[in-house]
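So the structure is just underneath, and the comments pick up after that.
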Amino acid sequence: MTHAVRVLDARGVAYETHEYRYVEHGGTADAARQLGVDEHAVIKTLVFLSGPKLPVLVLMHGDREVSTKKLARALDVKTVTPASPAIAERVTGYQVGGISPFGTRQPLTVLAEATVLELPRLLINGGRRGLLVSVTPNTLCDVLDVRAVHVSVD
């Protein structure tokens, strides 16, 4: 059991686990293929650094990319950059490829592409490589303080 799953259990929320064979650099496309789901519903948990190196989490559809310009505007900062794997692992407590927004090592601002919150169900990392949890957007928002934004590359 991962720390992320323990957080969900402690909150008493409904979720389902989905295991798949992790493939290095396979990303959401490989996970979606193995699980037989639409990649759009597989949500990436990305770590960015805003302003003076303040880490934030961005939840994005697996088949979409984050516009750093839009993200900077949403955060009201001049620039944002993707965090290095070492920084992402240090601030979240999870290994890259297994970063979950639930139960991060330090409290982080969580931004979600607005259309993620319109899905009937979404699959998001459960705290280790090869494990996704399926939750509703309401569950996601109940557990996390999520701010909806429009930061997808058009």
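Chains: A, B, ... in order of the structure tokens. Residues: from 1 per chain. Ligands: from 1, in order shown.
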
Excluding segment 101-113 of chain A and residues on its chain fewer than 3 positions from it, collect all residues at most 6 Å away from it, counting only C-alpha atoms, and give them as a PDB file with C-alpha atoms, in the first residue's frame.
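Resulting contents of result-v3.pdb:
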```pdb
ATOM      1  CA  ALA A   4      -1.243   8.027  -1.502  1.00  0.00           C
ATOM      2  CA  VAL A  56       3.432  23.473  -7.739  1.00  0.00           C
ATOM      3  CA  LEU A  57       1.569  20.434  -9.049  1.00  0.00           C
ATOM      4  CA  VAL A  58      -0.285  20.534 -12.355  1.00  0.00           C
ATOM      5  CA  LEU A  59      -2.823  17.835 -13.226  1.00  0.00           C
ATOM      6  CA  MET A  60      -3.108  17.451 -17.004  1.00  0.00           C
ATOM      7  CA  VAL A  91       9.184  17.752  -2.769  1.00  0.00           C
ATOM      8  CA  THR A  92       6.617  15.012  -3.447  1.00  0.00           C
ATOM      9  CA  GLY A  93       8.267  12.028  -1.801  1.00  0.00           C
ATOM     10  CA  VAL A 116      -9.974  17.296 -16.102  1.00  0.00           C
ATOM     11  CA  VAL A 146      -7.615  22.009  -6.444  1.00  0.00           C
ATOM     12  CA  ARG A 147      -7.738  25.184  -8.497  1.00  0.00           C
ATOM     13  CA  ALA A 148      -9.124  24.850 -12.030  1.00  0.00           C
ATOM     14  CA  VAL A 149      -7.064  26.574 -14.731  1.00  0.00           C
ATOM     15  CA  HIS A 150      -6.751  26.654 -18.511  1.00  0.00           C
TER      16      HIS A 150
END
```

Self-check item: All residues 8 Å or closer to segment 28-34 of chain A, only C-alpha atoms, same chain fewer than 2 positions away omitted, as a ChimeraX atom specification
Solution: /A:20-23,26,36-39,42-44,62-63,130

Quiz item: At what distance in Å, to one decimal, does atom CA of Phe48 of chain A lie from atom CA of Asp9 of chain A?
Solution: 27.4 Å

Quiz item: Which parts of chain A does DSSP call strand (DSSP E) when run on the backbone here, written out as a PyMOL selection string?
Solution: chain A and resi 16-19+42-50+54-61+80-82+109-113+122-125+131-135+146-149

Quiz item: Looking only at the backbone, which of the residues in chain A does DSSP tag as helix (DSSP H, G or I), as a VMD selection string?
Solution: chain A and resid 3 to 11 27 to 35 39 to 41 68 to 75 85 to 92 114 to 118 137 to 143

Quiz item: Looking at A:Val47, A:Ile87, A:Leu75, A:Leu54, which one is nearest to Ile99 of chain A, with distances taken over only C-alpha atoms?
Solution: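 Among the listed residues, A:Val47 lies closest to Ile99 of chain A.
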
Could you list, with a cut-off of 8 Å and counting only C-alpha atoms, the residues of segment 67-150 of chain A near segment 10-16 of chain A, each shown with its nearest atom pair and the distance in Å rounded to one decimal, rows sorted by chain and ascending number, as a tab-separated table?
```
residue	atom	partner	partner_atom	distance
A:Val133	CA	A:Glu16	CA	5.5
A:Ser134	CA	A:Glu16	CA	5.1
A:Val135	CA	A:Tyr15	CA	5.1
A:Thr139	CA	A:Val13	CA	6.7
A:Val143	CA	A:Arg11	CA	7.2
```

Quiz prompt | Residues near Leu132 of chain A, cut-off 6 Å, only C-alpha atoms, skip fewer than 2 positions along chain, as a VMD selection string | solution = chain A and resid 17 to 18 123 to 126

Quiz item: From the list A:Glu24, A:Leu8, A:Ala74, A:Val80, which residue is nearest Ser50 of chain A when using only C-alpha atoms?
Solution: A:Val80

Self-check item: Coordinates-based distance that separates atom CA of Leu131 of chain A from atom CA of Glu19 of chain A (Å, one decimal)
Solution: 4.6 Å

Quiz prompt | 10 Å contact set for Pro120 of chain A, only C-alpha atoms, chain neighbours under 5 positions out, as number ranges by chain | solution = A: 41, 135-138

Take the residues from that selection and put them in a file with C-alpha atoms, as a PDB file, in the first residue's frame.
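Below is the file again_39.pdb, written as the result:
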```pdb
ATOM      1  CA  ALA A  41      -8.771  10.229 -18.814  1.00  0.00           C
ATOM      2  CA  VAL A 135     -11.664   8.616  -8.739  1.00  0.00           C
ATOM      3  CA  THR A 136     -14.337  11.123  -9.612  1.00  0.00           C
ATOM      4  CA  PRO A 137     -13.429  14.790  -9.968  1.00  0.00           C
ATOM      5  CA  ASN A 138     -15.545  15.465  -6.847  1.00  0.00           C
TER       6      ASN A 138
END
```
